[in-house]
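Asker: First the structure, then my questions, so here it is.
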Amino acid sequence: MSFLGLGGSPNVSSQAKIQAAEAELDMVTGMFNQLVDICHKKCIGTSYNASDLDKNESLCVDRCVAKYFDTNLKVGDSMQKVGQNGAFGVNR
Amino acid sequence: MTKGNQNPAFKALGLPRLRLPSRNWCIFWSILGGTIGSIVYDKYQQKHIRTLQMAKLDHLSHAQVPFNMMPRKITVFIAPPPSDYLEETLRVFRKYVKPLLNSAGLDFEIYTEERQGDIRFKVAEDIRTLRREALNPNADDNKSEHSIWNKVSSKLSKSQNTQEDEPLVKMSEKISVKDIIGITLYNKNDEVVREDQLVRSPEDAGGVICIGRGAFKEFMNGIHEGLLGPLEEPVRDEPVVLDSNELKGEKSSIVAQESEFINEEQSRDTSGESLIDPSNELKVIPTATSDEPTKEGEEDDEKPKNKGPLPFIYPEDYANAQLAPELDLSRPILDKNGVPIIYHQPVLVLRQFNLPGFIRTPERLWRFFTKRSQAEYYCSKTENLVLSRKHPMTIKDQELAVEEERDWPKKWVKSAKERNSEWVRPFEFDDRVIRHMWVVNDDVHDEDTLPSVN
């Protein structure tokens with residue numbers, strides 16, 4: 001099953017790997033969409049009077065994306081830690 | 001005289017007689033009103049000055065840029081004033097400098113320090129890294145491509161399948177996450193272009209702001225150390241004497257909340273290199289700003305690791321040192337993005353108006369009530385930087401912001417001299433080094449006296 005080139009590789013043999021890849025792609029796509037949503041809402045003015053961004057907007061988007069990734073990584077890290085410690089009691 | 005003064009019409013209406021309160025109340029109210037009034041007026045003026053300057057620069061941020069263009073980037077070095085907290089200087093930055101940079105549409109990156117030597121080390125280390133790379137150019141291949149996308153995606157895949165992610169990772173090198181999500185579907189591989197890459201001569205790129213005379217000294221020492229010093233740390237003969245060239249001990253333990261602020265301010269691809277990281281582990285929150293020697297001593301004992309990095313070269317040896325043989329200084333030095341390094345960028349030095357000490361209370365009061373002049377100072381200087389009014393650096397520029405040194409507390413200076421702190425050490429420029437450096441003008445009129453720029 002060729003899934004955007006991921007499944008086409010002979011390396012991937014098991015179903016589990018494909019599923020993992022799909023889950024990962026879902027996650028990344030979801031994150032990306034959220035990111036675009038948030039930063040668009042925050043940074044891009046609604047007057048739409050020009051085709052390009054102005055400097056303020058492009059800087060704002062830049063910072064917004066950076067902050068989003070930073071936070072994402074940090075939250076991910078600490079969640080992983082919490083999961084490992086079993087602090088939530090739902091450690092699988 | 002109490003009775004007959006009232007207007008009979010008012011009296012007929014039953015209105016009470018208007019009169020001044022007693023003498024003491026009059027004094028009280030007028031002093032209170034005067035104080036509050038002058039504070040409010042001062043604040044209003046500060047805001048007014050800032051708003052005017054922002055409006056002046058505002059058109060710059062509305063320029064249209066292609067979506068893959070990164071605006072000009074300013075590097076800001078912030079050092080705390082002697083025997084005070086970093087927060088004081090950060091406040092100056094937030095109040096007067098940052099609004100102007102924002103309204104001019106400039107990107108900025110902040111480096112702070114909580115102990116002496118961090119800024120110098122950072123500046124010098126950047127240059128040394130370039131020199132090392134120039135020595136063996138193929139060594140830097142392995143650490144390229146640490147883009148944020150790869151970081152995130154590798155993190156995600158790690159959390160997904162911990163054991164068997166090897167083939168997936170291999171594929172994701174061939175096909176990046178960007179391709180799969182479809183970012184590159186319509187925009188074919190648009191590289192990020194930095195505005196600073198496109199400048200005609202290197203001194204038009206970016207800019208450096210040093211807030212505080214100490215930050216400036218460290219910045220310049222760092223440049224000299226990077227270019228003139230050895231590549232590897234020399235063997236120390238007398239580590240004990242020079243060890244303690246830090247700021248006041250209590251100052252170096254300002255804790256974590258700073259780092260959050262900085263992270264928020266920082267723009268992209270800076271996450272790894274901030275100067276504030278080492279101090280995050282400190283746990284002690286100081287309560288007093290006094291310079292009791294006992295406290296200082298304690299902290300020095302507790303945290304032996306809290307020493308600033310030592311310089312690789314001292315000003316006495318500048319003259320004998322060779323000027324960066326690895327680098328070709330006849331051409332502008334570019335970093336890996338093609339941007340001229342901060343060595344070429346114009347330097348703006350802002351003094352601090354922080355004045356500690358009880359005896360100087362009158363002057364402190366005066367400064368407190370005339371903060372508008374400080375606002376004017378910071379705003380106009382920042383405007384000069386934004387509009388790139390600059391001239392080549394000369395030996396005379398050693399004196400930039402030197403007035404600030406008069407405000408440094410005598411006690412602090414004395415103890416700093418004992419420790420051989422670089423803030424009070426002889427401050428020297430080397431001709432070969434400053435030949436390629438530029439300074440932002442002190443005021444607009446400097447422009448007339450410029451030597452011809454070519």
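Simple scheme: letters A, B, ... for chains in structure tokens order, numbers from 1 for residues in each chain, numbers from 1 for ligands in the order shown.
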Write out as a PyMOL selection string the residues lying within 10 Å of Lys55 (chain A), counting only C-alpha atoms and excluding same-chain residues fewer than 2 positions away.
Answerer: (chain A and resi 52-53+57-61) or (chain B and resi 60-67+69-72+102-107)
Asker: If you keep N, CA and C atoms, can you produce a file of those selected residues as a PDB file, in the first residue's frame?
Answerer:
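Okay, this is what ended up in out-v4.pdb:
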ATOM      1  N   ASP A  52       0.828  40.481  -0.519  1.00  0.00           N
ATOM      2  CA  ASP A  52       1.946  40.011   0.294  1.00  0.00           C
ATOM      3  C   ASP A  52       1.738  40.383   1.753  1.00  0.00           C
ATOM      4  N   LEU A  53       2.543  39.764   2.604  1.00  0.00           N
ATOM      5  CA  LEU A  53       2.535  40.153   4.010  1.00  0.00           C
ATOM      6  C   LEU A  53       3.337  41.430   4.176  1.00  0.00           C
ATOM      7  N   GLU A  57       3.521  41.559   9.960  1.00  0.00           N
ATOM      8  CA  GLU A  57       2.823  40.287   9.889  1.00  0.00           C
ATOM      9  C   GLU A  57       3.805  39.134   9.744  1.00  0.00           C
ATOM     10  N   SER A  58       4.798  39.334   8.914  1.00  0.00           N
ATOM     11  CA  SER A  58       5.700  38.205   8.701  1.00  0.00           C
ATOM     12  C   SER A  58       6.527  37.939   9.949  1.00  0.00           C
ATOM     13  N   LEU A  59       6.910  38.999  10.654  1.00  0.00           N
ATOM     14  CA  LEU A  59       7.625  38.796  11.922  1.00  0.00           C
ATOM     15  C   LEU A  59       6.744  38.086  12.933  1.00  0.00           C
ATOM     16  N   CYS A  60       5.500  38.533  12.987  1.00  0.00           N
ATOM     17  CA  CYS A  60       4.559  37.954  13.936  1.00  0.00           C
ATOM     18  C   CYS A  60       4.374  36.480  13.657  1.00  0.00           C
ATOM     19  N   VAL A  61       4.206  36.131  12.384  1.00  0.00           N
ATOM     20  CA  VAL A  61       4.033  34.724  12.032  1.00  0.00           C
ATOM     21  C   VAL A  61       5.272  33.937  12.430  1.00  0.00           C
TER      22      VAL A  61
ATOM     23  N   LEU B  60       7.866  51.935   8.159  1.00  0.00           N
ATOM     24  CA  LEU B  60       8.828  50.884   7.810  1.00  0.00           C
ATOM     25  C   LEU B  60       8.225  49.493   7.962  1.00  0.00           C
ATOM     26  N   SER B  61       7.359  49.359   8.962  1.00  0.00           N
ATOM     27  CA  SER B  61       6.831  48.024   9.204  1.00  0.00           C
ATOM     28  C   SER B  61       5.698  47.680   8.255  1.00  0.00           C
ATOM     29  N   HIS B  62       5.219  48.662   7.522  1.00  0.00           N
ATOM     30  CA  HIS B  62       4.131  48.347   6.599  1.00  0.00           C
ATOM     31  C   HIS B  62       4.630  48.070   5.192  1.00  0.00           C
ATOM     32  N   ALA B  63       5.936  47.999   5.047  1.00  0.00           N
ATOM     33  CA  ALA B  63       6.480  47.646   3.744  1.00  0.00           C
ATOM     34  C   ALA B  63       6.098  46.204   3.416  1.00  0.00           C
ATOM     35  N   GLN B  64       5.755  45.977   2.160  1.00  0.00           N
ATOM     36  CA  GLN B  64       5.407  44.614   1.761  1.00  0.00           C
ATOM     37  C   GLN B  64       6.676  43.815   1.546  1.00  0.00           C
ATOM     38  N   VAL B  65       6.688  42.618   2.077  1.00  0.00           N
ATOM     39  CA  VAL B  65       7.835  41.755   1.832  1.00  0.00           C
ATOM     40  C   VAL B  65       7.346  40.414   1.314  1.00  0.00           C
ATOM     41  N   PRO B  66       8.150  39.754   0.500  1.00  0.00           N
ATOM     42  CA  PRO B  66       7.797  38.401   0.081  1.00  0.00           C
ATOM     43  C   PRO B  66       7.693  37.501   1.311  1.00  0.00           C
ATOM     44  N   PHE B  67       6.889  36.455   1.209  1.00  0.00           N
ATOM     45  CA  PHE B  67       6.599  35.692   2.417  1.00  0.00           C
ATOM     46  C   PHE B  67       7.817  34.931   2.939  1.00  0.00           C
ATOM     47  N   MET B  69      10.820  36.155   3.112  1.00  0.00           N
ATOM     48  CA  MET B  69      11.867  37.117   3.465  1.00  0.00           C
ATOM     49  C   MET B  69      11.863  37.373   4.968  1.00  0.00           C
ATOM     50  N   MET B  70      13.018  37.233   5.566  1.00  0.00           N
ATOM     51  CA  MET B  70      13.141  37.555   6.984  1.00  0.00           C
ATOM     52  C   MET B  70      13.664  38.971   7.133  1.00  0.00           C
ATOM     53  N   PRO B  71      12.986  39.807   7.912  1.00  0.00           N
ATOM     54  CA  PRO B  71      13.434  41.196   8.044  1.00  0.00           C
ATOM     55  C   PRO B  71      14.793  41.298   8.737  1.00  0.00           C
ATOM     56  N   ARG B  72      15.338  42.485   8.670  1.00  0.00           N
ATOM     57  CA  ARG B  72      16.617  42.790   9.298  1.00  0.00           C
ATOM     58  C   ARG B  72      16.586  42.412  10.778  1.00  0.00           C
ATOM     59  N   ASN B 102       9.872  47.145  17.170  1.00  0.00           N
ATOM     60  CA  ASN B 102       8.659  46.529  16.643  1.00  0.00           C
ATOM     61  C   ASN B 102       7.986  47.411  15.609  1.00  0.00           C
ATOM     62  N   SER B 103       7.900  48.685  15.917  1.00  0.00           N
ATOM     63  CA  SER B 103       7.179  49.524  14.971  1.00  0.00           C
ATOM     64  C   SER B 103       8.009  49.772  13.719  1.00  0.00           C
ATOM     65  N   ALA B 104       9.302  49.502  13.786  1.00  0.00           N
ATOM     66  CA  ALA B 104      10.106  49.613  12.572  1.00  0.00           C
ATOM     67  C   ALA B 104      10.167  48.282  11.825  1.00  0.00           C
ATOM     68  N   GLY B 105       9.486  47.280  12.349  1.00  0.00           N
ATOM     69  CA  GLY B 105       9.453  45.996  11.660  1.00  0.00           C
ATOM     70  C   GLY B 105      10.800  45.293  11.664  1.00  0.00           C
ATOM     71  N   LEU B 106      11.519  45.369  12.755  1.00  0.00           N
ATOM     72  CA  LEU B 106      12.819  44.702  12.846  1.00  0.00           C
ATOM     73  C   LEU B 106      12.709  43.494  13.761  1.00  0.00           C
ATOM     74  N   ASP B 107      13.440  42.480  13.389  1.00  0.00           N
ATOM     75  CA  ASP B 107      13.537  41.313  14.241  1.00  0.00           C
ATOM     76  C   ASP B 107      14.645  41.563  15.255  1.00  0.00           C
TER      77      ASP B 107
END
Asker: Using only C-alpha atoms, tabulate the residues of chain A lying at most 9 Å from any atom of chain B, each with its closest atom pair and that distance in Å to one decimal, by chain and increasing residue number, as a Markdown table.
Answerer:
| residue | atom | partner | partner_atom | distance |
| --- | --- | --- | --- | --- |
| A:Leu4 | CA | B:Ile180 | CA | 7.0 |
| A:Gly5 | CA | B:Ile175 | CA | 8.1 |
| A:Leu6 | CA | B:Met171 | CA | 6.8 |
| A:Ser9 | CA | B:Met171 | CA | 8.0 |
| A:Asn11 | CA | B:Pro167 | CA | 6.1 |
| A:Val12 | CA | B:Pro167 | CA | 6.8 |
| A:Lys17 | CA | B:Glu164 | CA | 8.0 |
| A:Ala20 | CA | B:Gln160 | CA | 6.6 |
| A:Ala21 | CA | B:Leu168 | CA | 7.5 |
| A:Ala23 | CA | B:Gln160 | CA | 7.9 |
| A:Glu24 | CA | B:Ser157 | CA | 6.4 |
| A:Leu25 | CA | B:Ile180 | CA | 8.1 |
| A:Met27 | CA | B:Leu156 | CA | 8.1 |
| A:Val28 | CA | B:Ser153 | CA | 7.5 |
| A:Thr29 | CA | B:Ile181 | CA | 6.2 |
| A:Phe32 | CA | B:Ile181 | CA | 8.1 |
| A:Ala50 | CA | B:Gln64 | CA | 8.1 |
| A:Ser51 | CA | B:Gln64 | CA | 8.7 |
| A:Asp52 | CA | B:Gln64 | CA | 5.9 |
| A:Leu53 | CA | B:Gln64 | CA | 5.8 |
| A:Asp54 | CA | B:Gln64 | CA | 4.3 |
| A:Lys55 | CA | B:Ser61 | CA | 5.1 |
| A:Asn56 | CA | B:Gly105 | CA | 5.4 |
| A:Glu57 | CA | B:Ser61 | CA | 8.7 |
| A:Ser58 | CA | B:Phe67 | CA | 6.8 |
| A:Leu59 | CA | B:Asp107 | CA | 6.8 |
| A:Asp62 | CA | B:Arg268 | CA | 6.9 |
| A:Arg63 | CA | B:Ser267 | CA | 5.3 |
| A:Cys64 | CA | B:Ser267 | CA | 8.8 |
| A:Val65 | CA | B:Arg268 | CA | 8.1 |
| A:Ala66 | CA | B:Arg268 | CA | 5.2 |
| A:Lys67 | CA | B:Glu264 | CA | 7.1 |
| A:Phe69 | CA | B:Val152 | CA | 7.5 |
| A:Asp70 | CA | B:Ser271 | CA | 8.4 |
| A:Asn72 | CA | B:Val152 | CA | 8.5 |
| A:Leu73 | CA | B:Val152 | CA | 7.0 |
| A:Gly76 | CA | B:Lys155 | CA | 8.4 |
| A:Asp77 | CA | B:Lys155 | CA | 8.9 |
| A:Gln80 | CA | B:Ser159 | CA | 8.0 |
Asker: Put those residues in a file: N, CA, C and O atoms, as a short mmCIF file (atom, residue, chain, number, x, y, z; two decimals), in the first residue's frame.
Answerer:
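result.cif was written with the following content:
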data_model
loop_
_atom_site.label_atom_id
_atom_site.label_comp_id
_atom_site.auth_asym_id
_atom_site.auth_seq_id
_atom_site.Cartn_x
_atom_site.Cartn_y
_atom_site.Cartn_z
N LEU A 4 1.58 7.85 0.20
CA LEU A 4 2.38 9.07 0.01
C LEU A 4 3.87 8.76 0.02
O LEU A 4 4.67 9.49 0.57
N GLY A 5 4.23 7.62 -0.58
CA GLY A 5 5.63 7.28 -0.66
C GLY A 5 6.15 6.59 0.57
O GLY A 5 7.22 5.99 0.53
N LEU A 6 5.40 6.64 1.64
CA LEU A 6 5.92 6.03 2.85
C LEU A 6 5.83 4.51 2.78
O LEU A 6 6.75 3.81 3.16
N SER A 9 8.23 1.92 0.30
CA SER A 9 9.57 1.43 0.57
C SER A 9 9.53 -0.05 0.91
O SER A 9 8.66 -0.51 1.63
N ASN A 11 11.40 -1.45 2.87
CA ASN A 11 11.76 -1.60 4.27
C ASN A 11 10.53 -1.84 5.14
O ASN A 11 10.56 -2.55 6.12
N VAL A 12 9.46 -1.15 4.76
CA VAL A 12 8.27 -1.25 5.59
C VAL A 12 7.52 -2.51 5.23
O VAL A 12 7.01 -2.66 4.14
N LYS A 17 3.77 -0.94 11.26
CA LYS A 17 4.58 0.22 10.90
C LYS A 17 3.77 1.22 10.09
O LYS A 17 3.89 2.43 10.27
N ALA A 20 1.57 3.02 12.33
CA ALA A 20 2.31 4.02 13.10
C ALA A 20 2.56 5.25 12.24
O ALA A 20 2.41 6.39 12.70
N ALA A 21 2.92 4.99 10.99
CA ALA A 21 3.19 6.11 10.10
C ALA A 21 1.94 6.94 9.89
O ALA A 21 1.98 8.17 9.87
N ALA A 23 -0.59 7.21 11.90
CA ALA A 23 -0.88 7.95 13.13
C ALA A 23 0.02 9.17 13.24
O ALA A 23 -0.42 10.27 13.60
N GLU A 24 1.26 8.98 12.87
CA GLU A 24 2.20 10.09 12.95
C GLU A 24 1.79 11.19 12.00
O GLU A 24 1.81 12.38 12.33
N LEU A 25 1.43 10.78 10.80
CA LEU A 25 1.03 11.78 9.81
C LEU A 25 -0.19 12.54 10.28
O LEU A 25 -0.28 13.77 10.15
N MET A 27 -1.04 13.09 13.26
CA MET A 27 -0.64 13.97 14.35
C MET A 27 0.02 15.24 13.80
O MET A 27 -0.32 16.36 14.19
N VAL A 28 0.94 15.01 12.87
CA VAL A 28 1.66 16.15 12.31
C VAL A 28 0.71 17.08 11.57
O VAL A 28 0.76 18.31 11.70
N THR A 29 -0.19 16.47 10.80
CA THR A 29 -1.13 17.29 10.05
C THR A 29 -2.03 18.08 10.97
O THR A 29 -2.28 19.26 10.76
N PHE A 32 -0.12 20.86 12.45
CA PHE A 32 0.15 21.90 11.46
C PHE A 32 -1.10 22.76 11.24
O PHE A 32 -1.04 23.98 11.19
N ALA A 50 -3.59 43.72 0.62
CA ALA A 50 -2.41 43.49 -0.20
C ALA A 50 -2.17 42.00 -0.34
O ALA A 50 -2.59 41.22 0.52
N SER A 51 -1.50 41.63 -1.39
CA SER A 51 -1.31 40.20 -1.62
C SER A 51 -0.17 39.64 -0.77
O SER A 51 -0.20 38.49 -0.37
N ASP A 52 0.83 40.48 -0.52
CA ASP A 52 1.95 40.01 0.29
C ASP A 52 1.74 40.38 1.75
O ASP A 52 0.92 41.24 2.09
N LEU A 53 2.54 39.76 2.60
CA LEU A 53 2.53 40.15 4.01
C LEU A 53 3.34 41.43 4.18
O LEU A 53 4.24 41.71 3.40
N ASP A 54 3.01 42.20 5.21
CA ASP A 54 3.95 43.27 5.53
C ASP A 54 4.89 42.77 6.62
O ASP A 54 4.75 41.66 7.12
N LYS A 55 5.86 43.63 6.96
CA LYS A 55 6.94 43.14 7.83
C LYS A 55 6.42 42.72 9.19
O LYS A 55 6.86 41.72 9.75
N ASN A 56 5.49 43.50 9.71
CA ASN A 56 4.95 43.16 11.02
C ASN A 56 4.31 41.79 11.00
O ASN A 56 4.53 40.98 11.89
N GLU A 57 3.52 41.56 9.96
CA GLU A 57 2.82 40.29 9.89
C GLU A 57 3.81 39.13 9.74
O GLU A 57 3.67 38.10 10.40
N SER A 58 4.80 39.33 8.91
CA SER A 58 5.70 38.21 8.70
C SER A 58 6.53 37.94 9.95
O SER A 58 6.80 36.78 10.28
N LEU A 59 6.91 39.00 10.65
CA LEU A 59 7.63 38.80 11.92
C LEU A 59 6.74 38.09 12.93
O LEU A 59 7.18 37.18 13.65
N ASP A 62 6.40 34.52 12.15
CA ASP A 62 7.66 33.86 12.47
C ASP A 62 7.76 33.54 13.95
O ASP A 62 8.06 32.41 14.37
N ARG A 63 7.47 34.54 14.76
CA ARG A 63 7.57 34.34 16.21
C ARG A 63 6.51 33.37 16.70
O ARG A 63 6.75 32.53 17.57
N CYS A 64 5.32 33.53 16.11
CA CYS A 64 4.21 32.67 16.53
C CYS A 64 4.56 31.21 16.29
O CYS A 64 4.39 30.37 17.18
N VAL A 65 5.10 30.91 15.11
CA VAL A 65 5.44 29.53 14.80
C VAL A 65 6.53 29.02 15.73
O VAL A 65 6.46 27.91 16.25
N ALA A 66 7.52 29.88 15.95
CA ALA A 66 8.61 29.46 16.83
C ALA A 66 8.11 29.14 18.23
O ALA A 66 8.47 28.13 18.83
N LYS A 67 7.25 30.04 18.73
CA LYS A 67 6.72 29.81 20.07
C LYS A 67 5.88 28.54 20.11
O LYS A 67 5.95 27.77 21.07
N PHE A 69 6.12 25.83 18.30
CA PHE A 69 6.96 24.63 18.31
C PHE A 69 7.65 24.45 19.64
O PHE A 69 7.75 23.34 20.16
N ASP A 70 8.13 25.56 20.16
CA ASP A 70 8.81 25.50 21.46
C ASP A 70 7.90 24.91 22.52
O ASP A 70 8.26 23.98 23.23
N ASN A 72 5.21 23.24 22.05
CA ASN A 72 4.83 21.88 21.71
C ASN A 72 5.87 20.88 22.20
O ASN A 72 5.54 19.86 22.82
N LEU A 73 7.12 21.19 21.92
CA LEU A 73 8.18 20.29 22.34
C LEU A 73 8.22 20.17 23.86
O LEU A 73 8.37 19.08 24.41
N GLY A 76 5.28 18.23 25.14
CA GLY A 76 5.48 16.83 24.80
C GLY A 76 6.47 16.17 25.74
O GLY A 76 6.24 15.07 26.25
N ASP A 77 7.56 16.87 25.99
CA ASP A 77 8.58 16.34 26.89
C ASP A 77 8.03 16.05 28.27
O ASP A 77 8.21 14.96 28.82
N GLN A 80 5.62 13.25 28.40
CA GLN A 80 6.30 11.96 28.35
C GLN A 80 6.83 11.59 29.74
O GLN A 80 6.73 10.46 30.18
#
Asker: Could you check how far CA of Met437 (chain B) sits from CA of His344 (chain B), in Å to one decimal?
Answerer: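 CA of Met437 (chain B) sits 5.4 Å away from CA of His344 (chain B).
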Asker: With only C-alpha atoms as the atoms that count, which of B:Arg194, B:Arg115, B:Lys122, B:Arg389 lies nearest to Met220 (chain B)?
Answerer: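 Closest to Met220 (chain B) of all the choices is B:Lys122.
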Asker: Please extract the residues of region 53-97 of chain B with a backbone DSSP assignment of strand (DSSP E or B) and present them as a list in words.
Answerer: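 Output for region 53-97 of chain B, strand (DSSP E or B) only: Gln64, Val65, Met69, Met70, Lys73, Ile74, Thr75, Val76, Phe77 and Ile78 of chain B.
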Asker: Grab the residues selected above and save them as a PDB file, in the first residue's frame with all heavy atoms.
Answerer:
ATOM      1  N   GLN B  64       5.755  45.977   2.160  1.00  0.00           N
ATOM      2  CA  GLN B  64       5.407  44.614   1.761  1.00  0.00           C
ATOM      3  C   GLN B  64       6.676  43.815   1.546  1.00  0.00           C
ATOM      4  O   GLN B  64       7.627  44.295   0.938  1.00  0.00           O
ATOM      5  CB  GLN B  64       4.620  44.649   0.447  1.00  0.00           C
ATOM      6  CG  GLN B  64       3.394  45.528   0.495  1.00  0.00           C
ATOM      7  CD  GLN B  64       2.291  44.878   1.274  1.00  0.00           C
ATOM      8  OE1 GLN B  64       1.998  43.721   1.060  1.00  0.00           O
ATOM      9  NE2 GLN B  64       1.693  45.619   2.192  1.00  0.00           N
ATOM     10  N   VAL B  65       6.688  42.618   2.077  1.00  0.00           N
ATOM     11  CA  VAL B  65       7.835  41.755   1.832  1.00  0.00           C
ATOM     12  C   VAL B  65       7.346  40.414   1.314  1.00  0.00           C
ATOM     13  O   VAL B  65       6.239  39.989   1.637  1.00  0.00           O
ATOM     14  CB  VAL B  65       8.668  41.519   3.111  1.00  0.00           C
ATOM     15  CG1 VAL B  65       9.399  42.758   3.504  1.00  0.00           C
ATOM     16  CG2 VAL B  65       7.794  41.042   4.238  1.00  0.00           C
ATOM     17  N   MET B  69      10.820  36.155   3.112  1.00  0.00           N
ATOM     18  CA  MET B  69      11.867  37.117   3.465  1.00  0.00           C
ATOM     19  C   MET B  69      11.863  37.373   4.968  1.00  0.00           C
ATOM     20  O   MET B  69      10.838  37.675   5.561  1.00  0.00           O
ATOM     21  CB  MET B  69      11.604  38.422   2.720  1.00  0.00           C
ATOM     22  CG  MET B  69      12.511  39.552   3.110  1.00  0.00           C
ATOM     23  SD  MET B  69      14.035  39.522   2.222  1.00  0.00           S
ATOM     24  CE  MET B  69      13.579  40.454   0.773  1.00  0.00           C
ATOM     25  N   MET B  70      13.018  37.233   5.566  1.00  0.00           N
ATOM     26  CA  MET B  70      13.141  37.555   6.984  1.00  0.00           C
ATOM     27  C   MET B  70      13.664  38.971   7.133  1.00  0.00           C
ATOM     28  O   MET B  70      14.690  39.306   6.548  1.00  0.00           O
ATOM     29  CB  MET B  70      14.129  36.609   7.664  1.00  0.00           C
ATOM     30  CG  MET B  70      13.669  35.183   7.765  1.00  0.00           C
ATOM     31  SD  MET B  70      12.522  34.989   9.098  1.00  0.00           S
ATOM     32  CE  MET B  70      13.603  35.289  10.479  1.00  0.00           C
ATOM     33  N   LYS B  73      17.697  41.928  11.252  1.00  0.00           N
ATOM     34  CA  LYS B  73      17.709  41.421  12.623  1.00  0.00           C
ATOM     35  C   LYS B  73      18.736  42.142  13.481  1.00  0.00           C
ATOM     36  O   LYS B  73      19.893  42.248  13.115  1.00  0.00           O
ATOM     37  CB  LYS B  73      18.043  39.947  12.589  1.00  0.00           C
ATOM     38  CG  LYS B  73      17.970  39.295  13.923  1.00  0.00           C
ATOM     39  CD  LYS B  73      18.117  37.833  13.711  1.00  0.00           C
ATOM     40  CE  LYS B  73      17.737  37.024  14.887  1.00  0.00           C
ATOM     41  NZ  LYS B  73      17.757  35.622  14.540  1.00  0.00           N
ATOM     42  N   ILE B  74      18.275  42.608  14.629  1.00  0.00           N
ATOM     43  CA  ILE B  74      19.124  43.319  15.563  1.00  0.00           C
ATOM     44  C   ILE B  74      19.533  42.366  16.683  1.00  0.00           C
ATOM     45  O   ILE B  74      18.718  41.583  17.151  1.00  0.00           O
ATOM     46  CB  ILE B  74      18.362  44.511  16.183  1.00  0.00           C
ATOM     47  CG1 ILE B  74      17.704  45.358  15.109  1.00  0.00           C
ATOM     48  CG2 ILE B  74      19.262  45.340  17.059  1.00  0.00           C
ATOM     49  CD1 ILE B  74      18.631  46.155  14.282  1.00  0.00           C
ATOM     50  N   THR B  75      20.760  42.449  17.085  1.00  0.00           N
ATOM     51  CA  THR B  75      21.215  41.659  18.228  1.00  0.00           C
ATOM     52  C   THR B  75      21.329  42.579  19.434  1.00  0.00           C
ATOM     53  O   THR B  75      21.944  43.632  19.341  1.00  0.00           O
ATOM     54  CB  THR B  75      22.590  41.049  17.938  1.00  0.00           C
ATOM     55  OG1 THR B  75      22.565  40.493  16.629  1.00  0.00           O
ATOM     56  CG2 THR B  75      22.915  39.969  18.925  1.00  0.00           C
ATOM     57  N   VAL B  76      20.715  42.195  20.525  1.00  0.00           N
ATOM     58  CA  VAL B  76      20.702  43.052  21.711  1.00  0.00           C
ATOM     59  C   VAL B  76      21.462  42.372  22.842  1.00  0.00           C
ATOM     60  O   VAL B  76      21.186  41.222  23.184  1.00  0.00           O
ATOM     61  CB  VAL B  76      19.259  43.326  22.170  1.00  0.00           C
ATOM     62  CG1 VAL B  76      19.245  44.365  23.266  1.00  0.00           C
ATOM     63  CG2 VAL B  76      18.406  43.772  21.017  1.00  0.00           C
ATOM     64  N   PHE B  77      22.429  43.074  23.390  1.00  0.00           N
ATOM     65  CA  PHE B  77      23.164  42.555  24.547  1.00  0.00           C
ATOM     66  C   PHE B  77      22.760  43.357  25.770  1.00  0.00           C
ATOM     67  O   PHE B  77      22.840  44.585  25.759  1.00  0.00           O
ATOM     68  CB  PHE B  77      24.668  42.670  24.329  1.00  0.00           C
ATOM     69  CG  PHE B  77      25.176  41.760  23.259  1.00  0.00           C
ATOM     70  CD1 PHE B  77      25.534  42.257  22.025  1.00  0.00           C
ATOM     71  CD2 PHE B  77      25.267  40.403  23.483  1.00  0.00           C
ATOM     72  CE1 PHE B  77      25.995  41.418  21.028  1.00  0.00           C
ATOM     73  CE2 PHE B  77      25.726  39.553  22.491  1.00  0.00           C
ATOM     74  CZ  PHE B  77      26.091  40.068  21.266  1.00  0.00           C
ATOM     75  N   ILE B  78      22.324  42.674  26.802  1.00  0.00           N
ATOM     76  CA  ILE B  78      21.833  43.355  27.979  1.00  0.00           C
ATOM     77  C   ILE B  78      22.589  42.865  29.202  1.00  0.00           C
ATOM     78  O   ILE B  78      22.620  41.675  29.493  1.00  0.00           O
ATOM     79  CB  ILE B  78      20.325  43.108  28.168  1.00  0.00           C
ATOM     80  CG1 ILE B  78      19.576  43.663  26.967  1.00  0.00           C
ATOM     81  CG2 ILE B  78      19.832  43.764  29.437  1.00  0.00           C
ATOM     82  CD1 ILE B  78      18.099  43.505  27.059  1.00  0.00           C
TER      83      ILE B  78
END
